[in-house]
Amino acid sequence: MERTLKAPIVLDFDRSVGALPGATIIDLADWQEAIRFGCSLRRLREVRAVIESRLPAAHGTVFLGSGDYHHLTWPLIERRATDGPFEIVVFDNHPDNMRFPFGVHCGSWVRKVALLPFVEHVHVLGISSGDVSAAHAWENYLAPLRRGKLSYWTVGVDTRWAARFGLASAFRAFDTPAALIERFIDERGASKRPVYLSIDKDVLSPDVARTNWDQGRLSDADLIHVIDRLAGTLIGSDITGDISAYRYRSWWKRKLSALDEQPEIDAAQLAAWQAQQHALNLRLLEHIATASR
């Protein structure tokens with residue numbers, strides 16, 4: 001039986017998300033400089049209050065815009081406390097479990113949700129960045145990995161260092177995306193454990209959808225295959241990784257972005273890339289609607 005698509009939400013910081021059927025758009029352009037890439041916890045509380053005041057009680061997938069806003073997944077998940085316990089499945093080219101001493105940013109939020117008592121486990125699928133290599137091991141928060149609250153599912157990254165720290169069980173290393181997807185589906189089996197799904201499209205190969213971060217190796221078919229296998233278990237979802245260009249006014253955000261090697265966006269290609277992203281968003285929404293409870 002075809003399910004009714006719950007109206008999506010667009011947290012519109014950066015004007016990167018195209019028109020979606022029935023979407024509620026929350027205009028947050030005035031918050032772009034304050035929240036994009038990272039922010040203090042005080043600033044996050046402030047923008048959260050604004051969002052909470054405008055969110056309808058029931059809604060569908062939340063679109064966050066650029067991957068620079070992935071830390072907004074944290075308050076979205078906190079809103080689901082009464083739905084717990086549940087697991088979180090994150091598609092991302094990065095672990096988003098990196099040290100950040102200035103509050104929270106788009107690469108540190110996973111640690112925050114792993115601390116929530118109603119979150120059983122966080123799976124980050126599709127990591128192919130060097131953030132989980134030995135050279136960057138010290139930048140990762142190891143506690144959630146050690147406590148069994150977090151697993152990294154990686155493609156083509158040497159993660160043998162994890163065994164030396166007693167973390168081997170928290171790492172799943174694969175040579176190909178197909179092998180990763182097959183193992184994840186096999187391990188999940190017929191489980192009906194509820195799941196919150198968070199997709200950062202930088203997990204995808206650039207020929208599928210261009211983002212403003214370094215990108216992974218998965219295809220849109222890989223994403224959709226997992227979404228379809230989560231049928232009847234999804235209690236909430238968000239999507240980030242749409243593409244936009246922005247120059248920070250604050251020097252420290254420009255510096256941090258440069259240190260993270262965030263690529264420049266080709267303005268001449270931006271409209272075409274956003275159109276490609278929009279078509280993908282519509283396909284993902286259809287499959288998420290079917291998989292939702």
# chains A, B, ... in the order shown; residues from 1 in each chain; ligands from 1

$ select_by_dssp --residues "stretch 49-234 of chain A" --states "alpha helix (DSSP H)" --output "PyMOL selection string"
chain A and resi 49-54+73-78+109-114+143-146+161-164+177-188+220-229

$ residues_around --residues "A:Ser16" --least-positions-apart "6" --cutoff "8 Å" --atoms "only C-alpha atoms" --output "list in words"
Gly65, Ser66, Asp242, Ile243, Ser244 and Gln274 of chain A

$ select_by_dssp --residues "stretch 61-186 of chain A" --states "strand (DSSP E or B)" --output "PyMOL selection string"
chain A and resi 62-65+86-91+98+104-105+119-127+140+150-155+171-174

$ write_last_selection --atoms "N, CA and C atoms" --output "mmCIF file, in the first residue's frame"
data_model
loop_
_atom_site.group_PDB
_atom_site.id
_atom_site.type_symbol
_atom_site.label_atom_id
_atom_site.label_comp_id
_atom_site.auth_asym_id
_atom_site.auth_seq_id
_atom_site.Cartn_x
_atom_site.Cartn_y
_atom_site.Cartn_z
ATOM 1 N N VAL A 62 13.598 16.339 7.241
ATOM 2 C CA VAL A 62 14.087 17.708 7.407
ATOM 3 C C VAL A 62 15.323 17.892 6.529
ATOM 4 N N PHE A 63 15.286 18.902 5.671
ATOM 5 C CA PHE A 63 16.426 19.250 4.828
ATOM 6 C C PHE A 63 17.189 20.395 5.480
ATOM 7 N N LEU A 64 18.495 20.200 5.627
ATOM 8 C CA LEU A 64 19.333 21.159 6.342
ATOM 9 C C LEU A 64 20.136 22.057 5.422
ATOM 10 N N GLY A 65 20.139 21.760 4.112
ATOM 11 C CA GLY A 65 20.971 22.520 3.191
ATOM 12 C C GLY A 65 22.355 21.910 3.095
ATOM 13 N N PHE A 86 16.170 3.999 20.164
ATOM 14 C CA PHE A 86 16.297 3.747 18.740
ATOM 15 C C PHE A 86 17.760 3.848 18.320
ATOM 16 N N GLU A 87 18.026 3.349 17.121
ATOM 17 C CA GLU A 87 19.353 3.451 16.533
ATOM 18 C C GLU A 87 19.401 4.624 15.567
ATOM 19 N N ILE A 88 20.602 5.063 15.268
ATOM 20 C CA ILE A 88 20.803 6.109 14.275
ATOM 21 C C ILE A 88 21.676 5.544 13.167
ATOM 22 N N VAL A 89 21.226 5.691 11.943
ATOM 23 C CA VAL A 89 22.011 5.323 10.768
ATOM 24 C C VAL A 89 22.377 6.606 10.048
ATOM 25 N N VAL A 90 23.679 6.861 9.947
ATOM 26 C CA VAL A 90 24.190 8.061 9.304
ATOM 27 C C VAL A 90 24.963 7.651 8.052
ATOM 28 N N PHE A 91 24.611 8.226 6.920
ATOM 29 C CA PHE A 91 25.441 8.103 5.722
ATOM 30 C C PHE A 91 26.316 9.343 5.635
ATOM 31 N N MET A 98 34.669 14.190 15.443
ATOM 32 C CA MET A 98 35.993 14.778 15.585
ATOM 33 C C MET A 98 35.999 15.823 16.703
ATOM 34 N N VAL A 104 30.136 23.086 18.923
ATOM 35 C CA VAL A 104 29.808 21.938 18.068
ATOM 36 C C VAL A 104 29.936 22.398 16.622
ATOM 37 N N HIS A 105 30.346 21.483 15.755
ATOM 38 C CA HIS A 105 30.370 21.820 14.343
ATOM 39 C C HIS A 105 29.941 20.606 13.529
ATOM 40 N N VAL A 119 19.480 6.785 22.730
ATOM 41 C CA VAL A 119 20.108 6.330 21.489
ATOM 42 C C VAL A 119 20.877 5.045 21.790
ATOM 43 N N GLU A 120 20.472 3.950 21.160
ATOM 44 C CA GLU A 120 21.118 2.660 21.410
ATOM 45 C C GLU A 120 22.470 2.558 20.734
ATOM 46 N N HIS A 121 22.541 3.010 19.483
ATOM 47 C CA HIS A 121 23.777 2.873 18.724
ATOM 48 C C HIS A 121 23.746 3.817 17.539
ATOM 49 N N VAL A 122 24.923 4.275 17.137
ATOM 50 C CA VAL A 122 25.068 5.112 15.945
ATOM 51 C C VAL A 122 25.972 4.378 14.957
ATOM 52 N N HIS A 123 25.455 4.153 13.751
ATOM 53 C CA HIS A 123 26.236 3.568 12.663
ATOM 54 C C HIS A 123 26.537 4.677 11.661
ATOM 55 N N VAL A 124 27.815 4.932 11.397
ATOM 56 C CA VAL A 124 28.184 5.892 10.352
ATOM 57 C C VAL A 124 28.677 5.090 9.150
ATOM 58 N N LEU A 125 27.915 5.124 8.070
ATOM 59 C CA LEU A 125 28.163 4.278 6.906
ATOM 60 C C LEU A 125 28.786 5.071 5.761
ATOM 61 N N GLY A 126 29.816 4.482 5.149
ATOM 62 C CA GLY A 126 30.347 5.016 3.905
ATOM 63 C C GLY A 126 31.552 5.907 4.044
ATOM 64 N N ILE A 127 32.227 5.884 5.194
ATOM 65 C CA ILE A 127 33.382 6.764 5.413
ATOM 66 C C ILE A 127 34.539 6.326 4.519
ATOM 67 N N ASN A 140 39.742 11.876 16.682
ATOM 68 C CA ASN A 140 38.455 11.221 16.913
ATOM 69 C C ASN A 140 38.188 11.069 18.408
ATOM 70 N N LEU A 150 29.036 3.486 19.103
ATOM 71 C CA LEU A 150 29.311 4.036 17.780
ATOM 72 C C LEU A 150 30.126 3.047 16.956
ATOM 73 N N SER A 151 29.754 2.909 15.671
ATOM 74 C CA SER A 151 30.515 2.079 14.734
ATOM 75 C C SER A 151 30.826 2.877 13.486
ATOM 76 N N TYR A 152 32.051 2.723 12.991
ATOM 77 C CA TYR A 152 32.457 3.291 11.719
ATOM 78 C C TYR A 152 32.414 2.199 10.650
ATOM 79 N N TRP A 153 31.745 2.471 9.541
ATOM 80 C CA TRP A 153 31.702 1.564 8.394
ATOM 81 C C TRP A 153 32.455 2.260 7.264
ATOM 82 N N THR A 154 33.657 1.768 6.954
ATOM 83 C CA THR A 154 34.564 2.490 6.071
ATOM 84 C C THR A 154 34.777 1.763 4.743
ATOM 85 N N VAL A 155 35.187 2.541 3.743
ATOM 86 C CA VAL A 155 35.483 1.994 2.416
ATOM 87 C C VAL A 155 36.872 2.469 1.995
ATOM 88 N N PHE A 171 34.951 -0.903 14.270
ATOM 89 C CA PHE A 171 35.298 -0.576 12.890
ATOM 90 C C PHE A 171 34.889 -1.709 11.966
ATOM 91 N N ARG A 172 34.251 -1.352 10.859
ATOM 92 C CA ARG A 172 33.941 -2.293 9.791
ATOM 93 C C ARG A 172 34.633 -1.765 8.543
ATOM 94 N N ALA A 173 35.644 -2.442 8.059
ATOM 95 C CA ALA A 173 36.428 -1.972 6.927
ATOM 96 C C ALA A 173 36.129 -2.807 5.686
ATOM 97 N N PHE A 174 35.885 -2.140 4.559
ATOM 98 C CA PHE A 174 35.531 -2.810 3.313
ATOM 99 C C PHE A 174 36.320 -2.205 2.153
#

$ residues_around --residues "A:Leu55" --least-positions-apart "3" --cutoff "12 Å" --atoms "only C-alpha atoms" --output "PDB file with C-alpha atoms, in the first residue's frame"
ATOM      1  CA  ALA A   7       5.359  17.147   4.432  1.00  0.00           C
ATOM      2  CA  PRO A   8       9.099  17.787   4.479  1.00  0.00           C
ATOM      3  CA  ILE A   9      10.757  20.669   6.300  1.00  0.00           C
ATOM      4  CA  VAL A  10      13.453  22.906   4.857  1.00  0.00           C
ATOM      5  CA  LEU A  11      15.678  24.686   7.369  1.00  0.00           C
ATOM      6  CA  ALA A  23       7.348  21.552   2.142  1.00  0.00           C
ATOM      7  CA  THR A  24       7.299  23.908   5.097  1.00  0.00           C
ATOM      8  CA  ILE A  25      10.158  26.359   4.689  1.00  0.00           C
ATOM      9  CA  ILE A  26      11.694  27.894   7.793  1.00  0.00           C
ATOM     10  CA  ASP A  27      13.705  30.933   6.725  1.00  0.00           C
ATOM     11  CA  ARG A  48      17.045  25.671  18.182  1.00  0.00           C
ATOM     12  CA  ALA A  49      14.452  27.799  20.014  1.00  0.00           C
ATOM     13  CA  VAL A  50      13.672  29.613  16.756  1.00  0.00           C
ATOM     14  CA  ILE A  51      13.294  26.328  14.875  1.00  0.00           C
ATOM     15  CA  GLU A  52      11.167  24.745  17.610  1.00  0.00           C
ATOM     16  CA  ALA A  58       4.264  16.221  12.792  1.00  0.00           C
ATOM     17  CA  HIS A  59       6.433  16.435   9.712  1.00  0.00           C
ATOM     18  CA  GLY A  60       8.523  14.455   7.284  1.00  0.00           C
ATOM     19  CA  THR A  61      12.189  14.592   6.346  1.00  0.00           C
ATOM     20  CA  VAL A  62      14.087  17.708   7.407  1.00  0.00           C
ATOM     21  CA  LEU A  76      16.461  17.140  15.742  1.00  0.00           C
ATOM     22  CA  ARG A  79      13.325  16.025  19.890  1.00  0.00           C
TER      23      ARG A  79
END

$ closest_residue --among "A:His287, A:Glu33, A:Pro21, A:Asp222" --to "A:Trp251" --atoms "only C-alpha atoms"
A:Glu33

$ closest_residue --among "A:Ala190, A:Val157, A:Ile235, A:Leu197" --to "A:Thr73" --atoms "only C-alpha atoms"
A:Leu197

$ atom_distance --atom1 "atom CA of A:Asp30" --atom2 "atom CA of A:Trp109"
22.2 Å

$ residues_around --residues "A:Gly38" --least-positions-apart "6" --cutoff "8 Å" --atoms "only C-alpha atoms" --output "compact mmCIF listing (two decimals) with C-alpha atoms, in the first residue's frame"
# COMPACT_ATOMS: atom_id res chain seq x y z
CA ASP A 68 27.97 22.69 6.84
CA TYR A 69 24.76 22.39 8.88
CA HIS A 71 25.26 19.58 13.49
CA GLY A 103 31.06 24.18 20.87
CA VAL A 104 29.81 21.94 18.07
CA HIS A 105 30.37 21.82 14.34
CA CYS A 106 29.36 19.77 11.34

$ closest_residue --among "A:Val195, A:Asp260, A:Ser250, A:Gly156" --to "A:Ile35" --atoms "only C-alpha atoms"
A:Ser250

$ closest_residue --among "A:Ser198, A:Ser191, A:Ser128, A:Asn93" --to "A:Val113" --atoms "only C-alpha atoms"
A:Ser198

$ residues_around --residues "A:Ala134" --least-positions-apart "5" --cutoff "12 Å" --atoms "only C-alpha atoms" --output "JSON, numbers by chain"
{"A": [129, 139, 140, 157, 158, 159, 160, 161, 162, 163, 164, 165]}

$ write_last_selection --atoms "all heavy atoms" --output "compact mmCIF listing (two decimals), in the first residue's frame"
# COMPACT_ATOMS: atom_id res chain seq x y z
N SER A 129 36.98 9.01 3.93
CA SER A 129 37.93 10.10 4.14
C SER A 129 39.06 9.65 5.07
O SER A 129 38.93 8.67 5.82
CB SER A 129 37.23 11.31 4.76
OG SER A 129 37.00 11.11 6.14
N GLU A 139 42.31 12.78 16.57
CA GLU A 139 41.24 13.77 16.43
C GLU A 139 39.86 13.19 16.70
O GLU A 139 38.90 13.93 16.89
CB GLU A 139 41.27 14.38 15.03
CG GLU A 139 42.54 15.15 14.71
CD GLU A 139 42.53 15.68 13.29
OE1 GLU A 139 41.58 16.41 12.94
OE2 GLU A 139 43.45 15.33 12.52
N ASN A 140 39.74 11.88 16.68
CA ASN A 140 38.46 11.22 16.91
C ASN A 140 38.19 11.07 18.41
O ASN A 140 39.10 10.74 19.18
CB ASN A 140 38.44 9.83 16.27
CG ASN A 140 38.37 9.86 14.76
OD1 ASN A 140 37.33 9.64 14.18
ND2 ASN A 140 39.49 10.15 14.11
N VAL A 157 39.81 2.54 3.48
CA VAL A 157 40.65 3.26 4.43
C VAL A 157 41.36 2.25 5.32
O VAL A 157 40.74 1.30 5.81
CB VAL A 157 39.82 4.23 5.32
CG1 VAL A 157 40.75 5.05 6.21
CG2 VAL A 157 38.95 5.14 4.47
N ASP A 158 42.64 2.45 5.55
CA ASP A 158 43.39 1.58 6.43
C ASP A 158 43.09 1.97 7.88
O ASP A 158 43.51 3.01 8.37
CB ASP A 158 44.89 1.72 6.16
CG ASP A 158 45.74 0.74 6.98
OD1 ASP A 158 45.18 0.06 7.86
OD2 ASP A 158 46.96 0.69 6.75
N THR A 159 42.33 1.12 8.57
CA THR A 159 41.94 1.40 9.96
C THR A 159 42.53 0.37 10.92
O THR A 159 42.00 0.17 12.03
CB THR A 159 40.40 1.42 10.09
OG1 THR A 159 39.88 0.14 9.68
CG2 THR A 159 39.79 2.50 9.22
N ARG A 160 43.62 -0.27 10.54
CA ARG A 160 44.21 -1.30 11.40
C ARG A 160 44.70 -0.73 12.73
O ARG A 160 44.83 -1.48 13.71
CB ARG A 160 45.36 -1.99 10.65
CG ARG A 160 44.88 -2.90 9.51
CD ARG A 160 46.04 -3.47 8.73
NE ARG A 160 46.77 -2.42 8.02
CZ ARG A 160 47.84 -2.63 7.27
NH1 ARG A 160 48.32 -3.87 7.14
NH2 ARG A 160 48.44 -1.63 6.65
N TRP A 161 44.93 0.58 12.78
CA TRP A 161 45.36 1.20 14.03
C TRP A 161 44.35 0.99 15.16
O TRP A 161 44.72 0.94 16.34
CB TRP A 161 45.59 2.70 13.83
CG TRP A 161 44.33 3.45 13.48
CD1 TRP A 161 43.85 3.72 12.23
CD2 TRP A 161 43.38 4.03 14.39
NE1 TRP A 161 42.66 4.42 12.31
CE2 TRP A 161 42.36 4.62 13.63
CE3 TRP A 161 43.30 4.09 15.78
CZ2 TRP A 161 41.26 5.28 14.20
CZ3 TRP A 161 42.21 4.75 16.37
CH2 TRP A 161 41.22 5.34 15.57
N ALA A 162 43.08 0.84 14.82
CA ALA A 162 42.02 0.74 15.83
C ALA A 162 42.23 -0.47 16.74
O ALA A 162 41.92 -0.42 17.94
CB ALA A 162 40.66 0.67 15.16
N ALA A 163 42.75 -1.56 16.19
CA ALA A 163 42.96 -2.77 17.00
C ALA A 163 43.95 -2.52 18.12
O ALA A 163 43.81 -3.08 19.22
CB ALA A 163 43.43 -3.91 16.11
N ARG A 164 44.93 -1.66 17.88
CA ARG A 164 45.94 -1.37 18.92
C ARG A 164 45.34 -0.62 20.09
O ARG A 164 45.90 -0.62 21.19
CB ARG A 164 47.09 -0.57 18.31
CG ARG A 164 47.85 -1.32 17.22
CD ARG A 164 49.19 -0.68 16.91
NE ARG A 164 49.06 0.67 16.41
CZ ARG A 164 48.91 0.98 15.11
NH1 ARG A 164 48.84 0.02 14.20
NH2 ARG A 164 48.84 2.23 14.72
N PHE A 165 44.19 0.01 19.87
CA PHE A 165 43.52 0.76 20.93
C PHE A 165 42.31 0.00 21.48
O PHE A 165 41.51 0.55 22.22
CB PHE A 165 43.07 2.13 20.41
CG PHE A 165 44.20 3.09 20.16
CD1 PHE A 165 44.90 3.06 18.97
CD2 PHE A 165 44.57 4.00 21.13
CE1 PHE A 165 45.94 3.93 18.73
CE2 PHE A 165 45.60 4.88 20.90
CZ PHE A 165 46.30 4.86 19.70

$ closest_residue --among "A:Asn97, A:Thr233, A:Ser292, A:Ser219" --to "A:His136" --atoms "only C-alpha atoms"
A:Asn97

$ closest_residue --among "A:Ala268, A:Ala34, A:Leu234, A:Ala135" --to "A:Arg80" --atoms "only C-alpha atoms"
A:Leu234

$ atom_distance --atom1 "atom CA of A:Leu285" --atom2 "atom CA of A:Leu44"
26.8 Å

$ residues_around --residues "A:Ile185" --least-positions-apart "5" --cutoff "10 Å" --atoms "only C-alpha atoms" --output "PDB file with C-alpha atoms, in the first residue's frame"
ATOM      1  CA  LEU A 180      29.740  -2.556   2.953  1.00  0.00           C
ATOM      2  CA  ALA A 190      14.937  -8.689   9.724  1.00  0.00           C
ATOM      3  CA  SER A 191      15.334  -6.364  12.709  1.00  0.00           C
ATOM      4  CA  HIS A 225      18.900  -0.050  -1.197  1.00  0.00           C
ATOM      5  CA  VAL A 226      19.478   0.548   2.524  1.00  0.00           C
ATOM      6  CA  ARG A 229      15.553  -2.384   3.688  1.00  0.00           C
ATOM      7  CA  LEU A 230      14.686  -0.119   6.624  1.00  0.00           C
TER       8      LEU A 230
END

$ atom_distance --atom1 "atom CA of A:Val203" --atom2 "atom CA of A:Leu218"
6.1 Å
